[in-house]
>>> print(open('final07.cif').read())   # mmCIF, C-alpha atoms
data_input
loop_
_atom_site.label_atom_id
_atom_site.label_comp_id
_atom_site.auth_asym_id
_atom_site.auth_seq_id
_atom_site.Cartn_x
_atom_site.Cartn_y
_atom_site.Cartn_z
CA MET A 8 20.69 -13.57 -14.70
CA ARG A 9 23.89 -12.11 -13.35
CA LYS A 10 23.80 -10.24 -10.04
CA LYS A 11 24.19 -6.82 -11.69
CA ASP A 12 21.07 -7.55 -13.74
CA PHE A 13 18.91 -7.35 -10.61
CA ASP A 14 19.01 -6.33 -6.95
CA VAL A 15 16.71 -8.22 -4.59
CA LYS A 16 17.09 -9.35 -1.00
CA ASP A 17 17.35 -13.12 -1.45
CA LEU A 18 16.62 -15.33 -4.46
CA SER A 19 15.88 -18.25 -2.13
CA LEU A 20 12.59 -16.51 -1.28
CA ALA A 21 11.36 -17.02 -4.85
CA THR A 22 9.37 -20.21 -4.26
CA GLU A 23 7.17 -18.49 -1.69
CA GLY A 24 6.87 -15.46 -3.97
CA LYS A 25 5.74 -17.51 -6.94
CA LEU A 26 2.93 -19.00 -4.86
CA LYS A 27 1.79 -15.50 -3.88
CA ILE A 28 1.91 -14.32 -7.49
CA GLY A 29 -0.17 -17.30 -8.58
CA TRP A 30 -2.75 -16.75 -5.85
CA ALA A 31 -3.11 -13.06 -6.74
CA GLY A 32 -3.43 -13.98 -10.42
CA ARG A 33 -6.45 -16.16 -9.64
CA GLN A 34 -8.22 -13.06 -8.34
CA MET A 35 -7.41 -10.96 -11.42
CA PRO A 36 -9.59 -12.28 -14.28
CA VAL A 37 -9.70 -9.00 -16.22
CA LEU A 38 -5.93 -8.69 -16.37
CA ARG A 39 -5.70 -12.38 -17.21
CA SER A 40 -7.97 -11.90 -20.24
CA ILE A 41 -5.78 -8.99 -21.39
CA LYS A 42 -2.68 -11.14 -20.91
CA ASP A 43 -4.17 -13.89 -23.11
CA ARG A 44 -4.92 -11.37 -25.88
CA PHE A 45 -1.52 -9.70 -25.57
CA ALA A 46 0.18 -13.11 -25.83
CA LYS A 47 -1.62 -13.81 -29.13
CA GLU A 48 -1.23 -10.37 -30.67
CA LYS A 49 2.23 -9.51 -29.25
CA THR A 50 0.92 -6.00 -28.77
CA LEU A 51 4.11 -4.71 -27.17
CA LYS A 52 6.69 -6.60 -29.20
CA GLY A 53 10.10 -4.95 -29.40
CA LEU A 54 9.42 -2.41 -26.65
CA THR A 55 11.20 -1.95 -23.35
CA ILE A 56 8.93 -0.93 -20.49
CA GLY A 57 10.40 0.49 -17.29
CA ALA A 58 8.08 0.31 -14.29
CA CYS A 59 8.43 2.04 -10.93
CA LEU A 60 5.58 0.43 -8.99
CA HIS A 61 5.00 -1.22 -5.63
CA ILE A 62 6.60 -4.65 -6.01
CA THR A 63 3.73 -6.81 -4.80
CA SER A 64 2.10 -10.00 -6.05
CA GLU A 65 -0.54 -7.95 -7.89
CA THR A 66 2.09 -5.81 -9.64
CA ALA A 67 3.92 -8.99 -10.61
CA ASN A 68 0.87 -10.07 -12.60
CA LEU A 69 0.88 -6.77 -14.48
CA LEU A 70 4.58 -7.13 -15.33
CA ILE A 71 4.02 -10.72 -16.49
CA THR A 72 1.12 -9.48 -18.67
CA LEU A 73 3.34 -6.85 -20.31
CA LYS A 74 6.03 -9.45 -20.94
CA ALA A 75 3.44 -11.77 -22.49
CA GLY A 76 2.72 -8.96 -24.94
CA GLY A 77 6.30 -9.12 -26.18
CA ALA A 78 7.86 -6.33 -24.11
CA LYS A 79 11.16 -6.36 -22.30
CA VAL A 80 10.09 -5.44 -18.78
CA VAL A 81 12.26 -4.07 -15.97
CA ALA A 82 10.99 -2.92 -12.58
CA SER A 83 11.90 -1.06 -9.41
CA ALA A 84 9.96 -0.25 -6.24
CA SER A 85 8.01 3.00 -5.92
CA ASN A 86 8.39 3.08 -2.15
CA PRO A 87 11.22 1.88 0.12
CA LEU A 88 8.87 -0.06 2.41
CA SER A 89 6.31 -1.52 0.00
CA THR A 90 8.38 -4.30 -1.60
CA GLN A 91 7.46 -7.93 -0.98
CA ASP A 92 10.93 -9.47 -1.08
CA ASN A 93 9.68 -12.94 -2.02
CA VAL A 94 7.76 -11.52 -4.98
CA ALA A 95 10.83 -9.56 -6.14
CA ALA A 96 12.89 -12.76 -5.96
CA SER A 97 10.33 -14.71 -7.99
CA LEU A 98 10.16 -12.03 -10.68
CA VAL A 99 13.89 -12.44 -11.19
CA ARG A 100 14.22 -16.22 -10.88
CA ASP A 101 10.95 -17.50 -12.32
CA TYR A 102 9.89 -14.80 -14.79
CA LYS A 103 13.30 -13.39 -15.85
CA ILE A 104 12.14 -9.84 -15.19
CA PRO A 105 15.05 -7.64 -14.02
CA THR A 106 13.89 -6.26 -10.67
CA TYR A 107 15.54 -3.73 -8.37
CA ALA A 108 13.70 -3.66 -5.07
CA ILE A 109 14.48 -4.48 -1.45
CA LYS A 110 12.09 -3.79 1.42
CA GLY A 111 13.64 -1.20 3.72
CA GLU A 112 16.16 0.15 1.21
CA ASP A 113 17.58 3.57 2.00
CA SER A 114 17.05 6.65 -0.14
CA LYS A 115 20.36 6.26 -1.98
CA THR A 116 19.55 2.67 -2.95
CA TYR A 117 16.01 3.63 -3.91
CA TYR A 118 17.19 6.19 -6.45
CA SER A 119 19.98 3.95 -7.72
CA HIS A 120 17.28 1.38 -8.46
CA LEU A 121 15.29 3.94 -10.43
CA ASN A 122 18.41 4.73 -12.42
CA ASN A 123 18.95 0.99 -12.99
CA VAL A 124 15.54 0.91 -14.67
CA LEU A 125 16.30 3.93 -16.86
CA ASP A 126 19.64 2.40 -17.84
CA TYR A 127 17.60 -0.03 -19.98
CA ASN A 128 16.52 2.98 -22.09
CA PRO A 129 12.76 2.22 -21.97
CA GLN A 130 10.32 3.48 -24.59
CA ILE A 131 7.41 3.41 -22.11
CA THR A 132 7.56 4.10 -18.39
CA MET A 133 5.03 3.32 -15.67
CA ASP A 134 4.98 5.23 -12.41
CA ASP A 135 3.30 5.17 -9.02
CA GLY A 136 4.22 8.60 -7.72
CA ALA A 137 5.91 10.06 -10.85
CA ASP A 138 9.46 9.45 -9.61
CA LEU A 139 10.64 7.96 -12.92
CA VAL A 140 9.16 10.85 -14.90
CA ASN A 141 10.71 13.30 -12.45
CA LEU A 142 14.11 11.64 -12.87
CA LEU A 143 13.72 11.77 -16.66
CA HIS A 144 13.07 15.50 -16.48
CA THR A 145 15.95 16.28 -14.12
CA LYS A 146 18.97 13.97 -14.27
CA ARG A 147 18.20 11.73 -17.27
CA LYS A 148 16.92 14.25 -19.83
CA ASN A 149 18.88 12.59 -22.62
CA LEU A 150 16.47 9.64 -22.54
CA ILE A 151 13.27 11.63 -23.11
CA LYS A 152 13.66 11.64 -26.89
CA ASN A 153 13.22 7.86 -26.91
CA ILE A 154 10.11 7.82 -24.73
CA ILE A 155 6.75 7.15 -26.41
CA GLY A 156 4.89 7.98 -23.22
CA SER A 157 4.27 7.13 -19.61
CA SER A 158 1.40 6.18 -17.31
CA GLU A 159 0.74 7.18 -13.72
CA GLU A 160 -0.99 5.03 -11.10
CA THR A 161 -1.78 7.27 -8.15
CA THR A 162 -3.43 10.56 -7.18
CA THR A 163 -0.23 12.08 -5.82
CA GLY A 164 1.65 11.36 -9.03
CA VAL A 165 -1.10 12.87 -11.18
CA ILE A 166 -1.00 16.03 -9.04
CA ARG A 167 2.75 16.34 -9.71
CA LEU A 168 2.34 15.70 -13.43
CA LYS A 169 -0.48 18.22 -13.85
CA ALA A 170 1.70 20.79 -12.10
CA MET A 171 4.48 19.98 -14.57
CA GLU A 172 2.07 20.37 -17.48
CA LYS A 173 0.79 23.69 -16.14
CA ASP A 174 4.36 24.99 -15.84
CA GLY A 175 5.24 23.81 -19.34
CA ALA A 176 7.83 21.44 -17.88
CA LEU A 177 6.29 18.16 -19.06
CA LYS A 178 8.10 16.84 -22.13
CA LEU A 179 6.22 13.60 -22.80
CA PRO A 180 2.60 12.39 -22.89
CA VAL A 181 1.33 10.69 -19.73
CA ILE A 182 -1.80 8.61 -19.21
CA ALA A 183 -3.35 9.39 -15.82
CA VAL A 184 -4.49 5.85 -15.05
CA ASN A 185 -5.65 7.09 -11.65
CA ASP A 186 -8.29 9.27 -13.34
CA SER A 187 -10.07 6.33 -14.99
CA ASP A 188 -13.35 5.57 -13.24
CA THR A 189 -12.47 1.89 -12.99
CA LYS A 190 -9.37 2.93 -11.04
CA HIS A 191 -10.12 5.73 -8.58
CA LEU A 192 -13.74 4.83 -7.84
CA PHE A 193 -12.69 1.32 -6.82
CA ASP A 194 -8.95 1.08 -6.08
CA ASN A 195 -8.83 4.39 -4.21
CA ARG A 196 -12.09 3.87 -2.32
CA TYR A 197 -12.46 0.15 -1.68
CA GLY A 198 -8.80 -0.82 -1.99
CA THR A 199 -7.37 1.98 0.14
CA GLY A 200 -10.21 1.73 2.62
CA GLN A 201 -9.68 -1.95 3.32
CA SER A 202 -5.89 -2.03 3.11
CA THR A 203 -5.40 1.05 5.31
CA VAL A 204 -7.56 -0.37 8.07
CA ASP A 205 -5.75 -3.69 7.58
CA GLY A 206 -2.38 -1.96 8.04
CA ILE A 207 -3.50 -0.15 11.19
CA ILE A 208 -4.84 -3.34 12.74
CA ARG A 209 -1.77 -5.42 11.81
CA ALA A 210 0.57 -2.80 13.27
CA THR A 211 -1.36 -2.19 16.48
CA ASN A 212 -4.04 -4.89 17.01
CA VAL A 213 -6.22 -2.18 18.57
CA LEU A 214 -10.01 -2.28 18.60
CA LEU A 215 -11.48 0.32 16.26
CA ALA A 216 -14.97 0.20 17.72
CA GLY A 217 -15.58 3.18 19.96
CA LYS A 218 -12.39 5.00 18.93
CA ASN A 219 -12.36 8.56 17.62
CA PHE A 220 -10.92 7.94 14.14
CA VAL A 221 -9.73 11.13 12.41
CA VAL A 222 -9.34 11.11 8.63
CA ALA A 223 -7.59 14.08 7.01
CA GLY A 224 -9.17 14.78 3.64
CA TYR A 225 -12.32 13.47 1.96
CA GLY A 226 -11.17 12.46 -1.50
CA TRP A 227 -11.80 8.95 -2.81
CA CYS A 228 -9.09 7.34 -0.68
CA SER A 229 -10.24 9.09 2.48
CA ARG A 230 -13.88 8.20 1.77
CA GLY A 231 -12.92 4.56 1.61
CA ILE A 232 -10.97 4.76 4.86
CA ALA A 233 -13.82 6.58 6.61
CA MET A 234 -16.38 4.08 5.32
CA ARG A 235 -14.43 1.04 6.54
CA ALA A 236 -13.56 2.57 9.91
CA ASN A 237 -17.19 3.52 10.40
CA GLY A 238 -18.22 -0.02 9.49
CA MET A 239 -16.02 -1.35 12.29
CA GLY A 240 -17.68 0.88 14.86
CA ALA A 241 -15.28 3.83 14.98
CA ASN A 242 -16.52 7.39 15.53
CA VAL A 243 -15.23 8.98 12.34
CA VAL A 244 -14.14 12.62 12.21
CA ILE A 245 -13.27 14.29 8.88
CA THR A 246 -11.04 17.32 8.42
CA GLU A 247 -11.12 19.17 5.09
CA ILE A 248 -10.13 22.38 3.29
CA ASN A 249 -12.68 21.95 0.47
CA PRO A 250 -16.16 23.20 1.44
CA VAL A 251 -18.01 20.89 -0.95
CA ARG A 252 -16.20 17.78 0.28
CA ALA A 253 -16.65 18.87 3.89
CA LEU A 254 -20.37 19.24 3.22
CA GLU A 255 -20.47 15.79 1.64
CA ALA A 256 -18.73 14.29 4.65
CA ALA A 257 -21.22 15.93 6.99
CA MET A 258 -24.17 14.63 4.97
CA ASP A 259 -22.58 11.19 4.85
CA GLY A 260 -22.99 11.18 8.61
CA TYR A 261 -19.49 12.06 9.81
CA ARG A 262 -18.39 14.77 12.21
CA VAL A 263 -16.49 17.52 10.41
CA MET A 264 -14.15 19.92 12.18
CA ARG A 265 -10.85 21.74 11.95
CA ILE A 266 -7.83 19.51 12.41
CA ASN A 267 -6.70 21.52 15.46
CA ASP A 268 -9.94 20.57 17.20
CA ALA A 269 -9.85 16.98 15.98
CA ALA A 270 -6.28 16.62 17.28
CA LYS A 271 -7.50 17.05 20.88
CA ILE A 272 -10.05 14.23 20.75
CA GLY A 273 -8.63 11.75 18.22
CA ASP A 274 -7.43 8.26 19.13
CA ILE A 275 -6.32 7.29 15.62
CA PHE A 276 -5.27 9.66 12.84
CA VAL A 277 -4.89 8.89 9.12
CA SER A 278 -3.85 11.41 6.48
CA ALA A 279 -4.63 10.70 2.82
CA THR A 280 -4.44 14.04 1.02
CA GLY A 281 -1.30 14.00 -1.12
CA ASP A 282 -0.11 17.22 0.54
CA LYS A 283 2.74 18.09 2.89
CA HIS A 284 2.64 18.33 6.71
CA VAL A 285 -1.11 17.82 6.95
CA ILE A 286 -0.33 16.37 10.37
CA SER A 287 2.15 19.04 11.40
CA LEU A 288 4.27 19.21 14.53
CA GLU A 289 1.79 21.69 16.01
CA ILE A 290 -1.04 19.19 15.46
CA ILE A 291 0.99 16.36 17.01
CA LYS A 292 1.63 18.48 20.11
CA LEU A 293 -2.14 18.90 20.55
CA MET A 294 -2.78 15.14 20.48
CA LYS A 295 -3.54 13.23 23.65
CA ASP A 296 -1.27 10.64 25.18
CA GLY A 297 -1.37 7.37 23.25
CA ALA A 298 -2.56 8.77 19.90
CA VAL A 299 -1.89 6.52 16.91
CA VAL A 300 -0.82 8.32 13.72
CA ALA A 301 -0.66 6.88 10.20
CA ASN A 302 -0.23 8.09 6.63
CA SER A 303 -2.04 6.60 3.66
CA GLY A 304 -0.78 9.08 1.08
CA HIS A 305 1.89 8.01 -1.39
CA PHE A 306 4.80 10.14 -0.16
CA ASP A 307 6.08 10.26 3.41
CA VAL A 308 5.49 14.01 3.71
CA GLU A 309 1.98 14.15 5.19
CA ILE A 310 3.26 13.69 8.76
CA ASP A 311 6.06 16.03 9.90
CA MET A 312 8.39 13.18 10.82
CA ALA A 313 11.52 15.37 10.79
CA GLY A 314 9.93 17.75 13.26
CA LEU A 315 8.83 14.90 15.49
CA GLU A 316 12.35 13.47 15.49
CA LYS A 317 13.71 16.82 16.68
CA ILE A 318 11.40 17.15 19.69
CA LYS A 319 11.32 13.53 20.84
CA LYS A 320 12.73 12.60 24.23
CA SER A 321 13.07 8.95 23.23
CA LYS A 322 11.98 6.50 20.58
CA ARG A 323 11.60 2.73 20.49
CA ARG A 324 10.02 0.09 18.29
CA ILE A 325 7.14 -1.67 20.03
CA ARG A 326 6.02 -3.97 17.24
CA PRO A 327 6.83 -4.29 13.54
CA SER A 328 5.72 -1.00 11.91
CA LEU A 329 4.87 0.58 15.30
CA ASP A 330 7.23 3.18 16.80
CA GLU A 331 6.67 4.88 20.16
CA TYR A 332 7.79 8.50 20.42
CA VAL A 333 8.03 9.93 23.92
CA LEU A 334 7.86 13.71 24.03
CA LYS A 335 9.58 15.87 26.64
CA ASN A 336 6.34 16.24 28.62
CA GLY A 337 6.02 12.45 28.85
CA LYS A 338 3.27 12.19 26.22
CA LYS A 339 3.53 9.14 23.95
CA ILE A 340 2.68 9.25 20.23
CA TYR A 341 2.64 6.10 18.13
CA ILE A 342 3.70 6.33 14.47
CA LEU A 343 2.87 3.52 12.04
CA GLY A 344 5.12 2.44 9.17
CA GLU A 345 7.69 5.19 9.80
CA GLY A 346 5.15 7.67 8.43
CA ARG A 347 5.08 5.96 5.04
CA LEU A 348 1.94 4.65 3.38
CA VAL A 349 0.57 2.35 6.06
CA ASN A 350 -1.35 -0.02 3.82
CA LEU A 351 1.88 -1.23 2.20
CA ALA A 352 4.39 -0.56 4.97
CA ALA A 353 2.38 -2.47 7.58
CA ALA A 354 0.20 -4.70 5.38
CA GLU A 355 0.13 -6.08 1.82
CA GLY A 356 -1.57 -3.27 -0.05
CA HIS A 357 -4.83 -3.49 -1.95
CA PRO A 358 -6.57 -6.83 -2.53
CA ALA A 359 -5.92 -8.39 -5.92
CA GLU A 360 -9.59 -8.14 -6.97
CA VAL A 361 -9.48 -4.34 -7.03
CA MET A 362 -5.95 -4.13 -8.47
CA ASP A 363 -7.31 -6.25 -11.31
CA MET A 364 -9.02 -3.17 -12.73
CA SER A 365 -6.22 -0.75 -11.89
CA PHE A 366 -3.62 -2.86 -13.66
CA ALA A 367 -5.95 -3.59 -16.55
CA ASN A 368 -5.88 0.18 -17.05
CA GLN A 369 -2.07 0.17 -16.88
CA ALA A 370 -1.77 -2.61 -19.45
CA LEU A 371 -4.24 -0.97 -21.82
CA ALA A 372 -2.53 2.41 -21.30
CA ALA A 373 0.68 0.87 -22.66
CA GLU A 374 -1.23 -0.45 -25.67
CA TYR A 375 -2.89 2.94 -26.17
CA LEU A 376 0.47 4.71 -26.14
CA VAL A 377 1.82 2.32 -28.77
CA LYS A 378 -1.22 2.73 -31.02
CA ASN A 379 -1.02 6.53 -30.73
CA LYS A 380 2.75 6.87 -30.99
CA GLY A 381 3.66 10.33 -32.27
CA LYS A 382 0.07 11.61 -32.02
CA LEU A 383 0.04 12.72 -28.39
CA SER A 384 1.36 16.06 -27.12
CA PRO A 385 3.29 16.42 -23.84
CA LYS A 386 0.13 16.51 -21.71
CA VAL A 387 -1.69 14.47 -19.09
CA TYR A 388 -4.38 12.32 -20.69
CA VAL A 389 -7.18 10.05 -19.47
CA LEU A 390 -7.92 6.77 -21.25
CA PRO A 391 -10.99 6.98 -23.53
CA LYS A 392 -14.33 6.17 -21.89
CA GLU A 393 -14.83 3.12 -24.10
CA ILE A 394 -11.73 1.51 -22.58
CA ASP A 395 -12.96 2.36 -19.08
CA ASP A 396 -16.38 0.85 -19.84
CA LYS A 397 -14.79 -2.25 -21.38
CA ILE A 398 -12.82 -2.91 -18.20
CA ALA A 399 -15.97 -2.49 -16.11
CA MET A 400 -17.89 -4.94 -18.34
CA LEU A 401 -15.08 -7.50 -18.17
CA LYS A 402 -15.14 -7.20 -14.37
CA LEU A 403 -18.90 -7.61 -14.21
CA THR A 404 -18.73 -10.66 -16.46
CA SER A 405 -16.07 -12.23 -14.25
CA MET A 406 -18.41 -11.69 -11.27
CA GLY A 407 -21.31 -13.38 -13.06
CA ILE A 408 -23.27 -10.13 -13.30
CA SER A 409 -25.35 -9.09 -16.33
CA ILE A 410 -26.76 -5.62 -16.91
CA ASP A 411 -29.45 -4.15 -19.16
CA LYS A 412 -29.09 -2.38 -22.49
CA LEU A 413 -31.07 0.54 -23.82
CA THR A 414 -33.85 -0.29 -26.27
CA LYS A 415 -33.88 1.52 -29.62
CA GLU A 416 -36.75 3.65 -28.33
CA GLN A 417 -34.82 4.60 -25.20
CA SER A 418 -31.66 5.43 -27.15
CA LYS A 419 -33.62 7.61 -29.55
CA TYR A 420 -35.33 9.42 -26.67
CA LEU A 421 -32.06 10.20 -24.93
CA SER A 422 -30.54 11.61 -28.12
CA SER A 423 -33.48 13.81 -29.06
CA TRP A 424 -35.06 16.96 -27.67
CA GLN A 425 -38.42 17.18 -29.41
CA GLU A 426 -40.43 14.99 -27.03
CA GLY A 427 -41.47 16.71 -23.80
CA THR A 428 -44.24 16.49 -21.21
CA LYS A 429 -47.45 15.01 -22.63
#
>>> encode(input="final07.cif", output="structure tokens")
Amino acid sequence: MRKKDFDVKDLSLATEGKLKIGWAGRQMPVLRSIKDRFAKEKTLKGLTIGACLHITSETANLLITLKAGGAKVVASASNPLSTQDNVAASLVRDYKIPTYAIKGEDSKTYYSHLNNVLDYNPQITMDDGADLVNLLHTKRKNLIKNIIGSSEETTTGVIRLKAMEKDGALKLPVIAVNDSDTKHLFDNRYGTGQSTVDGIIRATNVLLAGKNFVVAGYGWCSRGIAMRANGMGANVVITEINPVRALEAAMDGYRVMRINDAAKIGDIFVSATGDKHVISLEIIKLMKDGAVVANSGHFDVEIDMAGLEKIKKSKRRIRPSLDEYVLKNGKKIYILGEGRLVNLAAAEGHPAEVMDMSFANQALAAEYLVKNKGKLSPKVYVLPKEIDDKIAMLKLTSMGISIDKLTKEQSKYLSSWQEGTK
């Protein structure tokens, strides 16, 4: 490939990246089985797929699977800090997949990379945060007519897309991969839970046991974070705006309070809501000296970083992904990963075993879009339940687990209404 066909940090990192891709692939048996079928059937032959995803070893296995199905695949990063530079190098050198991603790239480079992907005129796009779809609907509208459909990986992206649909702004069908049970019940809960705690520990090396650990929100990602922090001995506090979720958190054994009150007692704060300024400047001012603050939502808007920059007295980097902000009153606040998603900025993201199901959904979403070309309206869709169940069964089989089936008598009973109490 010529230089203009890709933009990565250093191709000499490819050997290390290929080893990482291979190791992740060993932990992804479901995706591997889909890859084998795609390779035989050439399910995606003749298509160009543009992907804006976190460029990690797990994502690499998805891109390789799509290419095995006959697609021309091109990729960019979905976050400036989530790229694994050695993996990006290997995708270019070893797998001939045009990749535009450099860890730490600035905003201008980030969006130029997205445009590089769209320059290939893809028929299918894949997003983690809906940035490609957003670009298609703003500055690259001329390409929409060629798009069969798109798929979206994360909660935040689905929120954006549903807002677009509600406003009548969405001009192409999108599969909300995040809404599949085999994605959000596992990736969001177990993946985010483990990788967020991993990122916090890598960045700080603090002991979680005994700490007041504040989690903003109690969706599936936040539940996973709370569960893992609790398992490591932290005193978990949940803040919520939804009364049902707040009630769930309380009955799950966590303290629930307003974020203003939690701010005064918290040692570690994590926001995972998908909303803006959840940890506002006012909340930061209420925190005690030495508070550690992290974001596990997709976009870097959950912490008011701009506001913090304006009121800081000084700032210095203590460790990789750990910045110390000194306020005018002498109080010190520690921000992880520049306020970006901590599990990828300070760690390696979700384990491959859970991304196996998430990316199986992505691969099968592409196949579903092809099979239903021209039949889908510009709406947000969820993959059919039979596909979800198939992925779950493949995962169970790979784990050596067998489950029961209904007998004919049981199936008949569940589908009838005549038989009651005897």
>>> closest_residue(input="final07.cif", among="A:Gly76, A:Gly381, A:Pro87, A:Gly356", to="Glu112 of chain A", atoms="only C-alpha atoms")
A:Pro87
>>> atom_distance(input="final07.cif", atom1="atom CA of Lys271 of chain A", atom2="atom CA of Leu293 of chain A")
5.7 Å
>>> resolve_selection(input="final07.cif", expression="the PyMOL selection byres ((chain A and resi 329-338) around 8)", output="JSON, numbers by chain")
{"A": [210, 211, 295, 296, 297, 318, 319, 320, 321, 322, 323, 324, 325, 326, 327, 328, 339, 340, 341, 342, 343, 344, 345]}
>>> axis_aligned_box(input="final07.cif", around="segment 242-247 of chain A", padding_each_side="3 Å", output="AutoDock Vina command-line options")
--center_x -13.8 --center_y 13.3 --center_z 10.3 --size_x 11.5 --size_y 17.8 --size_z 16.4
>>> atom_distance(input="final07.cif", atom1="atom CA of Pro36 of chain A", atom2="atom CA of Ile56 of chain A")
22.6 Å
>>> closest_residue(input="final07.cif", among="A:Glu360, A:Glu172, A:Asp259, A:Asp194", to="Ser384 of chain A", atoms="only C-alpha atoms")
A:Glu172
>>> residues_around(input="final07.cif", residues="Val80 of chain A", least_positions_apart="3", cutoff="8 Å", atoms="only C-alpha atoms", output="list in words")
Thr55, Ile56, Gly57, Ala58, Leu70, Leu73, Lys74, Ile104 and Pro105 of chain A
>>> write_last_selection(input="final07.cif", atoms="C-alpha atoms", output="PDB file, in the coordinates of the input")
ATOM      1  CA  THR A  55      11.200  -1.950 -23.350  1.00  0.00           C
ATOM      2  CA  ILE A  56       8.930  -0.930 -20.490  1.00  0.00           C
ATOM      3  CA  GLY A  57      10.400   0.490 -17.290  1.00  0.00           C
ATOM      4  CA  ALA A  58       8.080   0.310 -14.290  1.00  0.00           C
ATOM      5  CA  LEU A  70       4.580  -7.130 -15.330  1.00  0.00           C
ATOM      6  CA  LEU A  73       3.340  -6.850 -20.310  1.00  0.00           C
ATOM      7  CA  LYS A  74       6.030  -9.450 -20.940  1.00  0.00           C
ATOM      8  CA  ILE A 104      12.140  -9.840 -15.190  1.00  0.00           C
ATOM      9  CA  PRO A 105      15.050  -7.640 -14.020  1.00  0.00           C
TER      10      PRO A 105
END
>>> resolve_selection(input="final07.cif", expression="the PyMOL selection byres ((chain A and resi 278-289) around 8)", output="NGL selection string")
:A and (162-163 or 222-226 or 228-229 or 276-277 or 290-293 or 301-306 or 308-311 or 314-315)
>>> closest_residue(input="final07.cif", among="A:Ala352, A:Ile248, A:Ile62, A:Leu168", to="Asp138 of chain A", atoms="only C-alpha atoms")
A:Leu168
>>> atom_distance(input="final07.cif", atom1="atom CA of Met406 of chain A", atom2="atom CA of Met35 of chain A")
11.0 Å
>>> residues_around(input="final07.cif", residues="Ile208 of chain A", least_positions_apart="2", cutoff="12 Å", atoms="only C-alpha atoms", output="PyMOL selection string")
chain A and resi 201-206+210-216+236+239+275+299+301+326-329+343+349-350+353-354
>>> write_last_selection(input="final07.cif", atoms="C-alpha atoms", output="mmCIF file, in the coordinates of the input")
data_model
loop_
_atom_site.group_PDB
_atom_site.id
_atom_site.type_symbol
_atom_site.label_atom_id
_atom_site.label_comp_id
_atom_site.auth_asym_id
_atom_site.auth_seq_id
_atom_site.Cartn_x
_atom_site.Cartn_y
_atom_site.Cartn_z
ATOM 1 C CA GLN A 201 -9.680 -1.950 3.320
ATOM 2 C CA SER A 202 -5.890 -2.030 3.110
ATOM 3 C CA THR A 203 -5.400 1.050 5.310
ATOM 4 C CA VAL A 204 -7.560 -0.370 8.070
ATOM 5 C CA ASP A 205 -5.750 -3.690 7.580
ATOM 6 C CA GLY A 206 -2.380 -1.960 8.040
ATOM 7 C CA ALA A 210 0.570 -2.800 13.270
ATOM 8 C CA THR A 211 -1.360 -2.190 16.480
ATOM 9 C CA ASN A 212 -4.040 -4.890 17.010
ATOM 10 C CA VAL A 213 -6.220 -2.180 18.570
ATOM 11 C CA LEU A 214 -10.010 -2.280 18.600
ATOM 12 C CA LEU A 215 -11.480 0.320 16.260
ATOM 13 C CA ALA A 216 -14.970 0.200 17.720
ATOM 14 C CA ALA A 236 -13.560 2.570 9.910
ATOM 15 C CA MET A 239 -16.020 -1.350 12.290
ATOM 16 C CA ILE A 275 -6.320 7.290 15.620
ATOM 17 C CA VAL A 299 -1.890 6.520 16.910
ATOM 18 C CA ALA A 301 -0.660 6.880 10.200
ATOM 19 C CA ARG A 326 6.020 -3.970 17.240
ATOM 20 C CA PRO A 327 6.830 -4.290 13.540
ATOM 21 C CA SER A 328 5.720 -1.000 11.910
ATOM 22 C CA LEU A 329 4.870 0.580 15.300
ATOM 23 C CA LEU A 343 2.870 3.520 12.040
ATOM 24 C CA VAL A 349 0.570 2.350 6.060
ATOM 25 C CA ASN A 350 -1.350 -0.020 3.820
ATOM 26 C CA ALA A 353 2.380 -2.470 7.580
ATOM 27 C CA ALA A 354 0.200 -4.700 5.380
#
>>> resolve_selection(input="final07.cif", expression="the PyMOL selection byres ((chain A and resi 160) around 10)", output="list in words")
Cys59, Leu60, Met133, Asp134, Asp135, Gly136, Ala137, Ser158, Glu159, Thr161, Thr162, Thr163, Gly164, Val165, Ile182, Ala183, Val184, Asn185, Asp186, Ser187, Lys190, His191, Ser365, Phe366, Asn368 and Gln369 of chain A
>>> residues_around(input="final07.cif", residues="Lys148 of chain A", least_positions_apart="3", cutoff="12 Å", atoms="all atoms listed in the file", output="list in words")
Leu125, Asn128, Leu139, Val140, Asn141, Leu142, Leu143, His144, Thr145, Ile151, Lys152, Asn153, Ile154, Ala176, Leu177, Lys178 and Leu179 of chain A
>>> closest_residue(input="final07.cif", among="A:Lys11, A:Arg209, A:Lys402, A:His120", to="Met362 of chain A", atoms="only C-alpha atoms")
A:Lys402
>>> residues_around(input="final07.cif", residues="Arg33 of chain A", least_positions_apart="2", cutoff="12 Å", atoms="all atoms listed in the file", output="list in words")
Leu26, Lys27, Ile28, Gly29, Trp30, Ala31, Met35, Pro36, Val37, Leu38, Arg39, Ser40, Ser64, Glu65, Asn68, Pro358, Ala359, Glu360, Asp363 and Ser405 of chain A
>>> closest_residue(input="final07.cif", among="A:Thr22, A:Gln34, A:Thr90, A:Asn149", to="Met364 of chain A", atoms="only C-alpha atoms")
A:Gln34
